[in-house]
file entry17.cif (mmCIF, C-alpha atoms and all ligand atoms)
data_input
loop_
_atom_site.label_atom_id
_atom_site.label_comp_id
_atom_site.auth_asym_id
_atom_site.auth_seq_id
_atom_site.Cartn_x
_atom_site.Cartn_y
_atom_site.Cartn_z
CA MET M 1 -53.26 -59.30 72.39
CA ILE M 2 -55.99 -61.64 71.14
CA ARG M 3 -54.90 -63.91 68.27
CA ILE M 4 -57.37 -64.56 65.44
CA GLU M 5 -56.27 -67.26 63.02
CA ARG M 6 -57.78 -68.73 59.88
CA SER M 7 -56.14 -70.54 56.99
CA GLY M 8 -53.75 -67.93 55.50
CA LEU M 9 -54.83 -65.22 57.96
CA GLN M 10 -53.09 -64.11 61.16
CA LEU M 11 -54.42 -61.18 63.16
CA ARG M 12 -53.58 -59.78 66.58
CA HIS M 13 -56.19 -57.58 68.25
CA GLY M 14 -55.37 -55.34 71.21
CA PRO M 15 -58.60 -53.70 72.46
CA ARG M 16 -58.02 -50.21 73.95
CA TRP M 17 -54.28 -50.52 73.30
CA LEU M 18 -53.80 -46.75 72.95
CA GLN M 19 -55.41 -46.09 76.34
CA GLN M 20 -53.02 -48.66 77.83
CA GLN M 21 -50.14 -46.58 76.42
CA GLY M 22 -51.49 -43.54 78.26
CA ILE M 23 -52.86 -41.83 75.13
CA ALA M 24 -55.98 -39.66 75.39
CA THR M 25 -57.79 -40.97 72.32
CA GLN M 26 -60.55 -38.39 72.02
CA GLU M 27 -58.10 -35.47 72.03
CA LEU M 28 -55.82 -37.31 69.59
CA ARG M 29 -58.69 -37.90 67.13
CA GLN M 30 -59.75 -34.25 67.32
CA ARG M 31 -56.23 -32.97 66.73
CA LEU M 32 -55.76 -35.29 63.75
CA ALA M 33 -59.14 -34.33 62.30
CA GLU M 34 -58.40 -30.62 62.65
CA GLY M 35 -54.66 -30.56 62.01
CA LEU M 36 -53.97 -32.80 59.01
CA ALA M 37 -54.30 -31.93 55.33
CA TRP M 38 -57.18 -34.33 54.56
CA GLN M 39 -57.96 -35.05 50.95
CA GLN M 40 -60.85 -36.65 49.11
CA PRO M 41 -59.12 -37.69 45.92
CA LEU M 42 -60.71 -38.63 42.63
CA VAL M 43 -59.99 -42.31 42.05
CA THR M 44 -60.59 -44.50 39.04
CA VAL M 45 -62.41 -47.76 39.72
CA TYR M 46 -63.35 -49.98 36.77
CA GLY M 47 -62.64 -47.05 34.43
CA LYS M 48 -64.98 -44.61 36.23
CA GLN M 49 -63.84 -41.62 38.27
CA HIS M 50 -65.38 -40.81 41.63
CA ARG M 51 -64.39 -39.25 44.96
CA THR M 52 -63.32 -41.65 47.71
CA PRO M 53 -66.20 -42.19 50.20
CA ARG M 54 -63.94 -41.02 53.08
CA LEU M 55 -61.10 -38.55 53.65
CA THR M 56 -57.48 -39.68 53.46
CA CYS M 57 -53.96 -38.47 54.26
CA TRP M 58 -50.67 -40.20 53.36
CA VAL M 59 -47.81 -39.59 55.83
CA ALA M 60 -44.45 -41.08 54.95
CA ASP M 61 -40.67 -40.84 54.95
CA PRO M 62 -39.22 -39.15 51.86
CA GLY M 63 -39.24 -41.45 48.84
CA CYS M 64 -42.04 -43.70 50.09
CA LEU M 65 -44.34 -43.43 47.11
CA TYR M 66 -47.69 -45.18 47.11
CA ARG M 67 -50.14 -45.58 44.25
CA TYR M 68 -53.71 -46.38 45.17
CA SER M 69 -56.58 -46.89 42.72
CA GLY M 70 -54.50 -45.32 39.96
CA LEU M 71 -53.56 -42.30 42.07
CA GLN M 72 -50.14 -41.27 43.37
CA GLN M 73 -50.55 -40.25 47.01
CA GLN M 74 -49.03 -36.90 47.99
CA ILE M 75 -46.54 -37.31 50.87
CA HIS M 76 -47.17 -35.39 54.11
CA PRO M 77 -44.44 -35.23 56.78
CA TRP M 78 -44.66 -36.97 60.17
CA THR M 79 -46.03 -34.74 62.93
CA ARG M 80 -44.62 -35.07 66.44
CA GLU M 81 -47.55 -37.15 67.69
CA LEU M 82 -47.68 -39.43 64.65
CA GLU M 83 -43.95 -39.98 65.16
CA GLN M 84 -44.70 -40.88 68.79
CA LEU M 85 -47.28 -43.48 67.68
CA ARG M 86 -44.74 -44.92 65.22
CA GLU M 87 -42.24 -45.24 68.11
CA LEU M 88 -44.80 -46.95 70.37
CA LEU M 89 -45.53 -49.48 67.61
CA HIS M 90 -41.82 -50.04 67.04
CA HIS M 91 -41.47 -50.79 70.72
CA GLN M 92 -44.48 -53.15 70.73
CA LEU M 93 -43.89 -54.97 67.43
CA GLY M 94 -40.18 -54.52 66.63
CA VAL M 95 -41.08 -53.12 63.21
CA ARG M 96 -39.91 -49.76 61.83
CA PHE M 97 -42.82 -48.47 59.79
CA ASN M 98 -41.94 -45.87 57.15
CA SER M 99 -45.41 -44.82 56.07
CA LEU M 100 -48.93 -44.31 57.34
CA LEU M 101 -52.29 -44.10 55.59
CA LEU M 102 -54.95 -42.25 57.58
CA ASN M 103 -58.62 -42.72 56.76
CA ARG M 104 -61.30 -40.49 58.22
CA TYR M 105 -64.87 -41.79 58.13
CA ARG M 106 -67.06 -38.76 58.84
CA ASP M 107 -70.12 -40.91 59.65
CA GLY M 108 -71.59 -44.34 58.82
CA ALA M 109 -71.98 -43.45 55.14
CA ASP M 110 -68.21 -43.24 54.70
CA ARG M 111 -66.67 -46.61 53.95
CA MET M 112 -63.95 -48.66 52.29
CA GLY M 113 -64.56 -51.41 49.73
CA TRP M 114 -62.97 -54.87 49.55
CA HIS M 115 -59.21 -54.79 49.02
CA ALA M 116 -56.07 -56.58 50.21
CA ASP M 117 -53.30 -53.97 50.64
CA ASP M 118 -51.11 -56.10 48.38
CA GLU M 119 -49.75 -53.37 46.09
CA PRO M 120 -46.23 -54.21 44.85
CA GLU M 121 -44.61 -51.29 46.72
CA LEU M 122 -45.76 -52.69 50.10
CA ASP M 123 -43.23 -54.98 51.81
CA ASP M 124 -45.14 -58.27 51.97
CA GLN M 125 -42.85 -59.60 54.74
CA ALA M 126 -43.91 -56.82 57.13
CA PRO M 127 -47.13 -56.60 59.14
CA ILE M 128 -49.63 -53.75 58.78
CA ALA M 129 -50.55 -52.16 62.11
CA SER M 130 -53.92 -50.42 62.38
CA LEU M 131 -55.03 -48.01 65.13
CA SER M 132 -58.66 -46.94 65.50
CA LEU M 133 -60.00 -43.74 67.06
CA GLY M 134 -63.60 -42.74 67.64
CA VAL M 135 -66.82 -44.63 67.04
CA ALA M 136 -66.59 -48.45 66.72
CA ARG M 137 -66.98 -49.87 63.19
CA ASP M 138 -66.91 -53.41 61.78
CA LEU M 139 -63.93 -54.45 59.69
CA ARG M 140 -64.99 -57.43 57.57
CA PHE M 141 -62.67 -60.17 56.30
CA ARG M 142 -63.20 -62.65 53.47
CA PRO M 143 -60.87 -65.20 51.85
CA ARG M 144 -59.81 -64.59 48.26
CA ARG M 145 -60.53 -68.22 47.48
CA GLY M 146 -61.66 -71.29 49.37
CA HIS M 147 -64.64 -71.75 51.62
CA GLU M 148 -63.71 -70.21 54.94
CA PRO M 149 -66.61 -67.99 56.02
CA ALA M 150 -66.32 -64.23 56.08
CA PHE M 151 -66.36 -62.61 59.51
CA ALA M 152 -66.18 -59.16 61.12
CA LEU M 153 -64.10 -57.63 63.88
CA ASN M 154 -65.58 -54.71 65.75
CA LEU M 155 -62.80 -52.12 66.10
CA GLY M 156 -63.36 -49.66 68.92
CA ASP M 157 -61.69 -46.50 70.18
CA GLY M 158 -57.99 -47.09 70.89
CA ASP M 159 -57.84 -50.61 69.40
CA LEU M 160 -54.69 -51.97 67.76
CA LEU M 161 -55.08 -54.55 64.98
CA VAL M 162 -51.98 -56.20 63.54
CA MET M 163 -52.34 -57.98 60.17
CA ASP M 164 -49.39 -60.33 59.88
CA PRO M 165 -48.05 -61.79 56.62
CA PRO M 166 -49.19 -63.61 54.57
CA SER M 167 -52.71 -62.37 55.42
CA GLN M 168 -52.67 -59.77 52.62
CA ARG M 169 -51.97 -62.48 50.07
CA HIS M 170 -54.94 -64.67 51.01
CA TRP M 171 -57.62 -62.44 52.50
CA GLN M 172 -59.38 -59.16 51.71
CA HIS M 173 -60.95 -56.70 54.12
CA ALA M 174 -63.57 -53.95 53.91
CA LEU M 175 -65.25 -51.37 56.12
CA PRO M 176 -68.96 -51.45 55.13
CA PRO M 177 -71.32 -48.48 55.59
CA ARG M 178 -73.47 -48.42 58.74
CA ALA M 179 -76.63 -46.31 58.44
CA ARG M 180 -77.06 -45.91 62.21
CA VAL M 181 -73.53 -44.58 62.86
CA VAL M 182 -73.57 -40.78 63.06
CA ALA M 183 -70.16 -40.19 64.67
CA GLU M 184 -66.67 -39.98 63.23
CA ARG M 185 -63.88 -42.55 63.16
CA VAL M 186 -60.21 -42.09 62.23
CA ASN M 187 -58.10 -45.12 61.34
CA LEU M 188 -54.32 -45.19 60.96
CA THR M 189 -52.57 -48.04 59.10
CA PHE M 190 -48.80 -48.11 59.52
CA ARG M 191 -46.98 -49.79 56.63
CA VAL M 192 -43.55 -50.64 55.30
CA ILE M 193 -43.02 -49.41 51.73
CA ARG M 194 -40.17 -50.72 49.61
CA ARG M 195 -38.30 -47.65 48.40
CA ALA M 196 -37.85 -47.27 44.66
O1 LIG E 1 -60.53 -48.29 58.54
C1 LIG E 1 -60.10 -49.44 58.67
O2 LIG E 1 -60.15 -50.03 59.75
C2 LIG E 1 -59.54 -50.17 57.48
C3 LIG E 1 -58.50 -49.37 56.74
C4 LIG E 1 -57.95 -50.14 55.59
O3 LIG E 1 -58.47 -51.14 55.20
C5 LIG E 1 -56.74 -49.65 54.94
O4 LIG E 1 -56.21 -48.60 55.31
O5 LIG E 1 -56.30 -50.34 54.02
#

call {"tool": "encode", "arguments": {"input": "entry17.cif", "output": "structure tokens", "more": "lines below"}}
Ligand SMILES: O=C(O)CCC(=O)C(=O)O
result
Amino acid sequence: MIRIERSGLQLRHGPRWLQQQGIATQELRQRLAEGLAWQQPLVTVYGKQHRTPRLTCWVADPGCLYRYSGLQQQIHPWTRELEQLRELLHHQLGVRFNSLLLNRYRDGADRMGWHADDEPELDDQAPIASLSLGVARDLRFRPRRGHEPAFALNLGDGDLLVMDPPSQRHWQHALPPRARVVAERVNLTFRVIRRA
């Protein structure tokens, strides 16, 4: 794993990690795209309602509730292969994740704005583990304050990115649109939610 460190930010990047675990990434992405109950919820940002510019699915243990942009996510159960990915990550990182947000970017127009994944229900002592499938996209990072320059990591098919605490407290990240990208990408972020 490649370590990327800035003041208040600790990342670990494992290029093609899924392939190293013997996972066929193209088939996995297709099955997730076809098999999950994807949603494009209406969210409220600065008082205005609009549809998220991507598809999402929230998979979690019972009782792991997550609010996001004013919206309570509906819980979907773990499928056998998502459970297998959770086990692989437990083995690699020693962390038992209890929830997973999937984002599906249908092409380069789909995106995610600046945010920090610092909602109160997320356990801020636990890392967030992100797996990428499909076309490579840039994930940009910027500090919440201070003068460290923003930078981007190019996340390709099969990559693992671990965001260790206290990164969420000090940095934000975003997935900007890319006009030239015409292919799909699915990203999975495994999280630890504090149960109510
Ligand atoms: O698609 C990505 O790589 C980023 C996903 C993300 O920022 C999130 O799930 O909070």

call {"tool": "residues_near_ligand", "arguments": {"input": "entry17.cif", "ligand": "ligand LIG 1 (chain E)", "cutoff": "8 Å", "atoms": "all atoms listed in the file", "output": "list in words"}}
result
Leu101, Leu102, Asn103, Arg104, Tyr105, Arg111, Met112, His115, Ala116, Asp117, Ser130, Leu131, Ser132, Arg137, Asp138, Leu139, Leu155, His173, Ala174, Leu175, Val186, Asn187, Leu188 and Thr189 of chain M

call {"tool": "residues_around", "arguments": {"input": "entry17.cif", "residues": "Asp107 in chain M", "least_positions_apart": "5", "cutoff": "12 Å", "atoms": "all atoms listed in the file", "output": "PDB file with C-alpha atoms, in the frame of the given file"}}
result
ATOM      1  CA  PRO M  53     -66.200 -42.190  50.200  1.00  0.00           C
ATOM      2  CA  ARG M  54     -63.940 -41.020  53.080  1.00  0.00           C
ATOM      3  CA  LEU M  55     -61.100 -38.550  53.650  1.00  0.00           C
ATOM      4  CA  GLY M 134     -63.600 -42.740  67.640  1.00  0.00           C
ATOM      5  CA  VAL M 135     -66.820 -44.630  67.040  1.00  0.00           C
ATOM      6  CA  ALA M 136     -66.590 -48.450  66.720  1.00  0.00           C
ATOM      7  CA  ARG M 137     -66.980 -49.870  63.190  1.00  0.00           C
ATOM      8  CA  PRO M 176     -68.960 -51.450  55.130  1.00  0.00           C
ATOM      9  CA  PRO M 177     -71.320 -48.480  55.590  1.00  0.00           C
ATOM     10  CA  ARG M 178     -73.470 -48.420  58.740  1.00  0.00           C
ATOM     11  CA  ALA M 179     -76.630 -46.310  58.440  1.00  0.00           C
ATOM     12  CA  ARG M 180     -77.060 -45.910  62.210  1.00  0.00           C
ATOM     13  CA  VAL M 181     -73.530 -44.580  62.860  1.00  0.00           C
ATOM     14  CA  VAL M 182     -73.570 -40.780  63.060  1.00  0.00           C
ATOM     15  CA  ALA M 183     -70.160 -40.190  64.670  1.00  0.00           C
ATOM     16  CA  GLU M 184     -66.670 -39.980  63.230  1.00  0.00           C
ATOM     17  CA  ARG M 185     -63.880 -42.550  63.160  1.00  0.00           C
ATOM     18  CA  VAL M 186     -60.210 -42.090  62.230  1.00  0.00           C
TER      19      VAL M 186
END

call {"tool": "atom_distance", "arguments": {"input": "entry17.cif", "atom1": "CA of Gln125 in chain M", "atom2": "CA of Gln73 in chain M"}}
result
22.2 Å

call {"tool": "residues_around", "arguments": {"input": "entry17.cif", "residues": "range 15-28 of chain M", "least_positions_apart": "3", "cutoff": "10 Å", "atoms": "only C-alpha atoms", "output": "PyMOL selection string"}}
result
chain M and resi 1-2+12+31-34+81-82+85+88+131-134+154-161+186

call {"tool": "closest_residue", "arguments": {"input": "entry17.cif", "among": "M:Asp110, M:Ser99, M:Glu119, M:Ala150", "to": "Arg51 in chain M", "atoms": "all atoms listed in the file"}}
result
M:Asp110
